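Heads up, the thing below is written out as structure tokens.
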Number of protein chains: 2
Amino acid sequence: MSKSFNEWVKGCQQRVEVAAGELLPPTDLEPKILHEAMRYSVIGGGKRVRPLLVYAVSELFGVDEHNADRVALAIECVHSYSLIHDDLPCMDNDMLRHGKPTTHAKYGEAMAMLAGDALQPEAFIYISETTLNPHQKLVLISLLADAASSRGMCGGQAIDLSMVGKKMTLEELRHMHALKTGTLLHAAVMSGIWCAKEESSSEELIEALSSYGNAVGLLFQIVDDILDVVSSAEKLGKTAGKDALENKPTYVSILGLDKSRELAKEQYELALASVQKIENIVGGNKTLRLREIADFIYSRDH
Amino acid sequence: MSKSFNEWVKGCQQRVEVAAGELLPPTDLEPKILHEAMRYSVIGGGKRVRPLLVYAVSELFGVDEHNADRVALAIECVHSYSLIHDDLPCMDNDMLRHGKPTTHAKYGEAMAMLAGDALQPEAFIYISETTLNPHQKLVLISLLADAASSRGMCGGQAIDLSMVGKKMTLEELRHMHALKTGTLLHAAVMSGIWCAKEESSSEELIEALSSYGNAVGLLFQIVDDILDVVSSAEKLGKTAGKDALENKPTYVSILGLDKSRELAKEQYELALASVQKIENIVGGNKTLRLREIADFIYSRDH
């Protein structure tokens, strides 16, 4: 734990890059163009918030790095596929992502859709390839499948889609985001504990981690909405101000900027309170990274 | 085994309908429109060839019906999602499927894409929900994930996409179809045996079933290409003559109609030879359905 947070984050990001480079199908394997598009979409971009959560919780319980890498990459593959599909013309029609052309801007719509489609089964393959016991693998697979399903990420996308131009209550918005981004962030947190030996997971600890996962999930989205208003495309690496332009309901459009900032602070404090509970159970200063990730999500400017 | 083949097929199709009705997320659960689109795509259509294969092999080994239903539906969900995405404007741009409007024709492109996306994790959830042992579940999940991956179905789609208007050798065409439709049909056959108690699966039997799976997979596609030329949209329930119109390489365009029919006959005989091998191992007349499915695929007119 002597590393600074920035160094730790860089190390984690590096691990995702290495794992993706090793595990994604190689570009000299046919169909090369598909494998190129898959790698283009996953490698070399993003803050890797979900892997950071997997790694932070994994380190808390001393999970084998080989397994944590596979689980982190699996979740990142599902996240990446959702971004590819979300950027397509029939969805958000975005040309810029992580500061580079979106997958369909580079490979065409059809190939981008297929790259997304093909990243989803990869996720389940990587979990299968861990050295965890069968029960742990099955829990992780269910966790990820649920998070990716119509009761999770895809459901949130569908609500988002059907709400463009419509009025949404705060509760509806919160529910949409809980599904759209919350479930996968929550799954990232929970997968860390399921990678650990089963005996380390008391009901109380699982509950505290689950609260933490929910709080950072919500916090992430509120900050995202605030940044879409106050930040620039240059910093974001994607088109800024799009939400307002497209008349999308956001925390800022419903609550205004000040109230949104208050709500973000509330969630941040909730996250820290959960970390405190976790620390009370596992002891010591082991939870530093969880605290730092909450700080990072709360105070990021891109 | 006193039922006629037609009665048996109807029974299997009914079982898929019932399982889909029970297991797919209900339309009174939000997001309703997404769940409607998912059900629209899976329920009430298709020959259910993959489930037929699952059921035939499952019956051969006395697999619990509850489990066979879940595995059959899982594979059909992956198949259905691939059809939804394949029909989208950026892919084949088809408006008719199983004699009714395609999913995007009815629900719009974005919702159709999401319905496809959301059907994929359902498949893994249904396998997780069987009462099979953890090892069996994991084998089935890997089998299905591999078949759906870039080394399977998505890979075949990508090759198909990049080959429109180009010359293809017979070997290239065969490879494309082996991935595009072959892997999932093969997975349907093999999943039946993995649902059975492990001790029932000798190397020899697995090999014979695998040959059968490969032969019917190839046979299915050759017949499909022939039907696209000789059948009508009314019979097919989808647009006929599209392959030639779009300058897509097919068995017929490469070999001509007569040679394609010869190749189909060859694969049909290969399938029957594999059935004979299976019968030699399991004994009796248990393999009737496998034989009948090969007949059915060989002689279907739609």
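Following the order of the structure tokens, first chain is A, next is B, and so on, with residues numbered from 1 inside each chain and ligands from 1 in the order they appear.
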In range 42-194 of chain A, what's strand (DSSP E) per DSSP? Answer as a PDB file with C-alpha atoms, in the first residue's frame?
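File produced: states25.pdb:
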```pdb
ATOM      1  CA  LEU A  96     -15.766  10.339 -30.649  1.00  0.00           C
ATOM      2  CA  ARG A  97     -15.002   8.106 -27.656  1.00  0.00           C
ATOM      3  CA  LYS A 100     -10.541   8.622 -30.761  1.00  0.00           C
ATOM      4  CA  PRO A 101     -13.065   7.745 -33.500  1.00  0.00           C
TER       5      PRO A 101
END
```
At a cut-off of 6 Å, can you tabulate as a Markdown table every residue of chain A near chain B together with its closest atom pair and the distance in Å to one decimal, using only C-alpha atoms and ordering rows by chain then number?
```
| residue | atom | partner | partner_atom | distance |
| --- | --- | --- | --- | --- |
| A:Pro31 | CA | B:Gly155 | CA | 6.0 |
| A:Cys90 | CA | B:Ala110 | CA | 5.3 |
| A:Met91 | CA | B:Ala110 | CA | 5.7 |
| A:Ala110 | CA | B:Cys90 | CA | 5.3 |
| A:Ala118 | CA | B:Ser149 | CA | 5.1 |
| A:Pro121 | CA | B:Ala145 | CA | 4.8 |
| A:Pro134 | CA | B:Pro134 | CA | 5.8 |
| A:Ala145 | CA | B:Pro121 | CA | 4.8 |
| A:Ser149 | CA | B:Ala118 | CA | 5.1 |
| A:Ser150 | CA | B:Ala118 | CA | 5.5 |
| A:Cys154 | CA | B:Ala118 | CA | 5.9 |
| A:Gly155 | CA | B:Pro31 | CA | 6.0 |
```
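Between CA of Ala188 in chain A and CA of Leu53 in chain A lies a distance of 5.9 Å.
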Out of range 96-147 of chain B, which residues get alpha helix (DSSP H) from DSSP, as a ChimeraX atom specification? /B:103-107,109-128,134-147
Take the residues that were just selected and, keeping N, CA, C and O atoms, output them as a compact mmCIF listing (two decimals), in the first residue's frame.
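Generated file (again-v1.txt):
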```txt
# COMPACT_ATOMS: atom_id res chain seq x y z
N THR B 103 -37.91 -7.71 -36.18
CA THR B 103 -38.02 -6.99 -34.90
C THR B 103 -37.82 -5.48 -35.09
O THR B 103 -38.56 -4.67 -34.52
N HIS B 104 -36.85 -5.08 -35.92
CA HIS B 104 -36.64 -3.63 -36.08
C HIS B 104 -37.76 -3.00 -36.90
O HIS B 104 -38.07 -1.82 -36.73
N ALA B 105 -38.38 -3.81 -37.81
CA ALA B 105 -39.51 -3.27 -38.57
C ALA B 105 -40.65 -2.95 -37.61
O ALA B 105 -41.41 -2.01 -37.83
N LYS B 106 -40.75 -3.72 -36.54
CA LYS B 106 -41.85 -3.51 -35.60
C LYS B 106 -41.48 -2.54 -34.46
O LYS B 106 -42.30 -1.72 -34.05
N TYR B 107 -40.25 -2.64 -33.94
CA TYR B 107 -39.90 -1.87 -32.74
C TYR B 107 -38.85 -0.78 -32.97
O TYR B 107 -38.46 -0.10 -32.03
N GLU B 109 -35.00 0.34 -34.93
CA GLU B 109 -33.64 -0.23 -34.95
C GLU B 109 -33.00 -0.32 -33.57
O GLU B 109 -32.42 -1.34 -33.20
N ALA B 110 -33.09 0.78 -32.82
CA ALA B 110 -32.40 0.83 -31.54
C ALA B 110 -32.96 -0.22 -30.58
O ALA B 110 -32.21 -0.96 -29.94
N MET B 111 -34.29 -0.31 -30.50
CA MET B 111 -34.90 -1.26 -29.57
C MET B 111 -34.61 -2.69 -30.02
O MET B 111 -34.41 -3.59 -29.18
N ALA B 112 -34.58 -2.91 -31.33
CA ALA B 112 -34.26 -4.25 -31.85
C ALA B 112 -32.83 -4.63 -31.47
O ALA B 112 -32.58 -5.76 -31.02
N MET B 113 -31.92 -3.69 -31.63
CA MET B 113 -30.54 -4.01 -31.27
C MET B 113 -30.45 -4.38 -29.79
O MET B 113 -29.82 -5.37 -29.42
N LEU B 114 -31.12 -3.59 -28.95
CA LEU B 114 -31.11 -3.87 -27.50
C LEU B 114 -31.77 -5.21 -27.17
O LEU B 114 -31.32 -5.92 -26.27
N ALA B 115 -32.85 -5.54 -27.89
CA ALA B 115 -33.51 -6.83 -27.64
C ALA B 115 -32.53 -7.96 -27.93
O ALA B 115 -32.44 -8.93 -27.17
N GLY B 116 -31.79 -7.84 -29.03
CA GLY B 116 -30.77 -8.83 -29.35
C GLY B 116 -29.69 -8.88 -28.27
O GLY B 116 -29.32 -9.94 -27.78
N ASP B 117 -29.20 -7.70 -27.90
CA ASP B 117 -28.17 -7.62 -26.86
C ASP B 117 -28.62 -8.30 -25.57
O ASP B 117 -27.84 -8.98 -24.90
N ALA B 118 -29.89 -8.08 -25.22
CA ALA B 118 -30.41 -8.58 -23.95
C ALA B 118 -30.73 -10.07 -24.00
O ALA B 118 -30.80 -10.72 -22.96
N LEU B 119 -30.92 -10.62 -25.19
CA LEU B 119 -31.19 -12.07 -25.29
C LEU B 119 -29.94 -12.89 -25.02
O LEU B 119 -30.02 -14.03 -24.58
N GLN B 120 -28.78 -12.29 -25.28
CA GLN B 120 -27.55 -13.07 -25.11
C GLN B 120 -27.30 -13.44 -23.64
O GLN B 120 -27.10 -14.62 -23.33
N PRO B 121 -27.33 -12.48 -22.70
CA PRO B 121 -27.14 -12.90 -21.30
C PRO B 121 -28.25 -13.82 -20.79
O PRO B 121 -27.99 -14.68 -19.94
N GLU B 122 -29.48 -13.67 -21.31
CA GLU B 122 -30.56 -14.59 -20.91
C GLU B 122 -30.10 -16.04 -21.07
O GLU B 122 -30.37 -16.89 -20.23
N ALA B 123 -29.45 -16.31 -22.19
CA ALA B 123 -29.02 -17.68 -22.49
C ALA B 123 -28.17 -18.24 -21.36
O ALA B 123 -28.38 -19.38 -20.91
N PHE B 124 -27.23 -17.44 -20.87
CA PHE B 124 -26.33 -17.92 -19.82
C PHE B 124 -27.08 -18.05 -18.48
O PHE B 124 -26.77 -18.92 -17.67
N ILE B 125 -28.05 -17.18 -18.29
CA ILE B 125 -28.87 -17.26 -17.08
C ILE B 125 -29.68 -18.57 -17.08
O ILE B 125 -29.75 -19.26 -16.06
N TYR B 126 -30.28 -18.94 -18.22
CA TYR B 126 -31.09 -20.16 -18.26
C TYR B 126 -30.26 -21.41 -17.98
O TYR B 126 -30.71 -22.33 -17.32
N ILE B 127 -29.03 -21.42 -18.51
CA ILE B 127 -28.16 -22.56 -18.23
C ILE B 127 -27.83 -22.62 -16.74
O ILE B 127 -27.85 -23.68 -16.12
N SER B 128 -27.57 -21.44 -16.17
CA SER B 128 -27.28 -21.39 -14.72
C SER B 128 -28.46 -21.89 -13.90
O SER B 128 -28.27 -22.38 -12.78
N PRO B 134 -22.45 -28.23 -11.13
CA PRO B 134 -21.67 -27.06 -11.53
C PRO B 134 -20.75 -27.33 -12.73
O PRO B 134 -20.63 -26.49 -13.63
N HIS B 135 -20.12 -28.49 -12.75
CA HIS B 135 -19.23 -28.80 -13.86
C HIS B 135 -19.99 -28.84 -15.19
O HIS B 135 -19.54 -28.29 -16.20
N GLN B 136 -21.14 -29.50 -15.18
CA GLN B 136 -21.95 -29.56 -16.40
C GLN B 136 -22.39 -28.18 -16.87
O GLN B 136 -22.32 -27.85 -18.05
N LYS B 137 -22.83 -27.36 -15.91
CA LYS B 137 -23.25 -26.00 -16.27
C LYS B 137 -22.11 -25.23 -16.92
O LYS B 137 -22.30 -24.55 -17.93
N LEU B 138 -20.92 -25.36 -16.34
CA LEU B 138 -19.77 -24.61 -16.87
C LEU B 138 -19.39 -25.10 -18.27
O LEU B 138 -19.02 -24.30 -19.12
N VAL B 139 -19.48 -26.41 -18.50
CA VAL B 139 -19.19 -26.92 -19.84
C VAL B 139 -20.20 -26.35 -20.83
O VAL B 139 -19.84 -25.90 -21.93
N LEU B 140 -21.47 -26.36 -20.47
CA LEU B 140 -22.51 -25.83 -21.35
C LEU B 140 -22.32 -24.34 -21.62
O LEU B 140 -22.50 -23.87 -22.75
N ILE B 141 -21.96 -23.60 -20.58
CA ILE B 141 -21.74 -22.15 -20.75
C ILE B 141 -20.57 -21.91 -21.71
O ILE B 141 -20.65 -21.07 -22.60
N SER B 142 -19.48 -22.66 -21.52
CA SER B 142 -18.33 -22.51 -22.42
C SER B 142 -18.69 -22.88 -23.85
O SER B 142 -18.30 -22.21 -24.81
N LEU B 143 -19.42 -23.97 -23.99
CA LEU B 143 -19.84 -24.45 -25.30
C LEU B 143 -20.63 -23.36 -26.03
O LEU B 143 -20.38 -23.05 -27.20
N LEU B 144 -21.58 -22.76 -25.32
CA LEU B 144 -22.44 -21.75 -25.93
C LEU B 144 -21.68 -20.45 -26.18
O LEU B 144 -21.84 -19.81 -27.23
N ALA B 145 -20.83 -20.06 -25.21
CA ALA B 145 -20.06 -18.82 -25.38
C ALA B 145 -19.11 -18.95 -26.57
O ALA B 145 -18.99 -18.03 -27.39
N ASP B 146 -18.45 -20.09 -26.70
CA ASP B 146 -17.55 -20.32 -27.83
C ASP B 146 -18.33 -20.27 -29.15
O ASP B 146 -17.90 -19.67 -30.13
N ALA B 147 -19.49 -20.93 -29.17
CA ALA B 147 -20.28 -20.98 -30.41
C ALA B 147 -20.77 -19.59 -30.81
O ALA B 147 -20.93 -19.30 -32.00
```
Contacts of range 10-22 of chain B at 7 Å or less, counting only C-alpha atoms, minus same-chain residues fewer than 3 places along, as an NGL selection string? :B and (6-7 or 43-44 or 48 or 52 or 69 or 73)
Next, the residues of the selection above should be written as a PDB file, in the first residue's frame with all heavy atoms.
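Heads up, here's the output in part26.pdb:
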```pdb
ATOM      1  N   ASN B   6     -43.672 -35.830 -37.038  1.00  0.00           N
ATOM      2  CA  ASN B   6     -44.393 -34.550 -37.021  1.00  0.00           C
ATOM      3  C   ASN B   6     -44.979 -34.227 -35.658  1.00  0.00           C
ATOM      4  O   ASN B   6     -44.925 -33.092 -35.202  1.00  0.00           O
ATOM      5  CB  ASN B   6     -45.510 -34.550 -38.069  1.00  0.00           C
ATOM      6  CG  ASN B   6     -44.978 -34.157 -39.436  1.00  0.00           C
ATOM      7  OD1 ASN B   6     -43.864 -33.626 -39.550  1.00  0.00           O
ATOM      8  ND2 ASN B   6     -45.740 -34.440 -40.471  1.00  0.00           N
ATOM      9  N   GLU B   7     -45.531 -35.252 -35.035  1.00  0.00           N
ATOM     10  CA  GLU B   7     -46.089 -35.044 -33.691  1.00  0.00           C
ATOM     11  C   GLU B   7     -44.973 -34.682 -32.703  1.00  0.00           C
ATOM     12  O   GLU B   7     -45.134 -33.805 -31.862  1.00  0.00           O
ATOM     13  CB  GLU B   7     -46.798 -36.315 -33.200  1.00  0.00           C
ATOM     14  CG  GLU B   7     -48.158 -36.543 -33.825  1.00  0.00           C
ATOM     15  CD  GLU B   7     -48.716 -37.936 -33.475  1.00  0.00           C
ATOM     16  OE1 GLU B   7     -47.901 -38.862 -33.233  1.00  0.00           O
ATOM     17  OE2 GLU B   7     -49.940 -38.089 -33.464  1.00  0.00           O
ATOM     18  N   ILE B  43     -40.643 -15.856 -29.428  1.00  0.00           N
ATOM     19  CA  ILE B  43     -41.867 -16.667 -29.347  1.00  0.00           C
ATOM     20  C   ILE B  43     -42.612 -16.671 -30.686  1.00  0.00           C
ATOM     21  O   ILE B  43     -42.681 -15.653 -31.363  1.00  0.00           O
ATOM     22  CB  ILE B  43     -42.778 -16.140 -28.204  1.00  0.00           C
ATOM     23  CG1 ILE B  43     -42.067 -16.311 -26.846  1.00  0.00           C
ATOM     24  CG2 ILE B  43     -44.129 -16.855 -28.197  1.00  0.00           C
ATOM     25  CD1 ILE B  43     -42.801 -15.728 -25.663  1.00  0.00           C
ATOM     26  N   GLY B  44     -43.125 -17.837 -31.040  1.00  0.00           N
ATOM     27  CA  GLY B  44     -44.041 -17.919 -32.172  1.00  0.00           C
ATOM     28  C   GLY B  44     -43.403 -17.942 -33.544  1.00  0.00           C
ATOM     29  O   GLY B  44     -43.983 -17.462 -34.506  1.00  0.00           O
ATOM     30  N   ARG B  48     -37.251 -24.163 -35.133  1.00  0.00           N
ATOM     31  CA  ARG B  48     -36.683 -24.646 -33.855  1.00  0.00           C
ATOM     32  C   ARG B  48     -35.749 -25.826 -34.070  1.00  0.00           C
ATOM     33  O   ARG B  48     -35.781 -26.813 -33.312  1.00  0.00           O
ATOM     34  CB  ARG B  48     -37.780 -25.047 -32.865  1.00  0.00           C
ATOM     35  CG  ARG B  48     -38.885 -24.028 -32.682  1.00  0.00           C
ATOM     36  CD  ARG B  48     -38.386 -22.802 -31.988  1.00  0.00           C
ATOM     37  NE  ARG B  48     -39.492 -21.923 -31.577  1.00  0.00           N
ATOM     38  CZ  ARG B  48     -39.316 -20.670 -31.213  1.00  0.00           C
ATOM     39  NH1 ARG B  48     -38.113 -20.118 -31.249  1.00  0.00           N
ATOM     40  NH2 ARG B  48     -40.342 -19.929 -30.853  1.00  0.00           N
ATOM     41  N   LEU B  52     -34.750 -28.834 -31.485  1.00  0.00           N
ATOM     42  CA  LEU B  52     -35.010 -30.230 -31.874  1.00  0.00           C
ATOM     43  C   LEU B  52     -33.774 -31.082 -31.624  1.00  0.00           C
ATOM     44  O   LEU B  52     -33.864 -32.210 -31.125  1.00  0.00           O
ATOM     45  CB  LEU B  52     -35.397 -30.323 -33.355  1.00  0.00           C
ATOM     46  CG  LEU B  52     -36.743 -29.731 -33.799  1.00  0.00           C
ATOM     47  CD1 LEU B  52     -36.972 -30.010 -35.284  1.00  0.00           C
ATOM     48  CD2 LEU B  52     -37.894 -30.282 -32.966  1.00  0.00           C
ATOM     49  N   ASP B  69     -35.277 -28.240 -21.489  1.00  0.00           N
ATOM     50  CA  ASP B  69     -36.029 -27.044 -21.898  1.00  0.00           C
ATOM     51  C   ASP B  69     -35.188 -25.779 -21.756  1.00  0.00           C
ATOM     52  O   ASP B  69     -35.184 -24.911 -22.630  1.00  0.00           O
ATOM     53  CB  ASP B  69     -37.294 -26.880 -21.038  1.00  0.00           C
ATOM     54  CG  ASP B  69     -38.400 -27.835 -21.458  1.00  0.00           C
ATOM     55  OD1 ASP B  69     -38.335 -28.374 -22.587  1.00  0.00           O
ATOM     56  OD2 ASP B  69     -39.324 -28.059 -20.652  1.00  0.00           O
ATOM     57  N   LEU B  73     -33.866 -23.545 -24.865  1.00  0.00           N
ATOM     58  CA  LEU B  73     -34.250 -22.127 -24.955  1.00  0.00           C
ATOM     59  C   LEU B  73     -33.022 -21.224 -24.974  1.00  0.00           C
ATOM     60  O   LEU B  73     -32.989 -20.222 -25.703  1.00  0.00           O
ATOM     61  CB  LEU B  73     -35.167 -21.748 -23.783  1.00  0.00           C
ATOM     62  CG  LEU B  73     -35.639 -20.286 -23.785  1.00  0.00           C
ATOM     63  CD1 LEU B  73     -36.479 -19.972 -25.026  1.00  0.00           C
ATOM     64  CD2 LEU B  73     -36.431 -19.963 -22.520  1.00  0.00           C
TER      65      LEU B  73
END
```
I'd like the neighbourhood of range 246-250 of chain B as a PyMOL selection string, where a residue qualifies if any of its atoms comes within 10 Å (using only C-alpha atoms), though same-chain residues fewer than 4 positions away should be ignored. chain B and resi 92+160-161+163-170+172-174+177+221-222+224-226+228+241-242+254-256+260
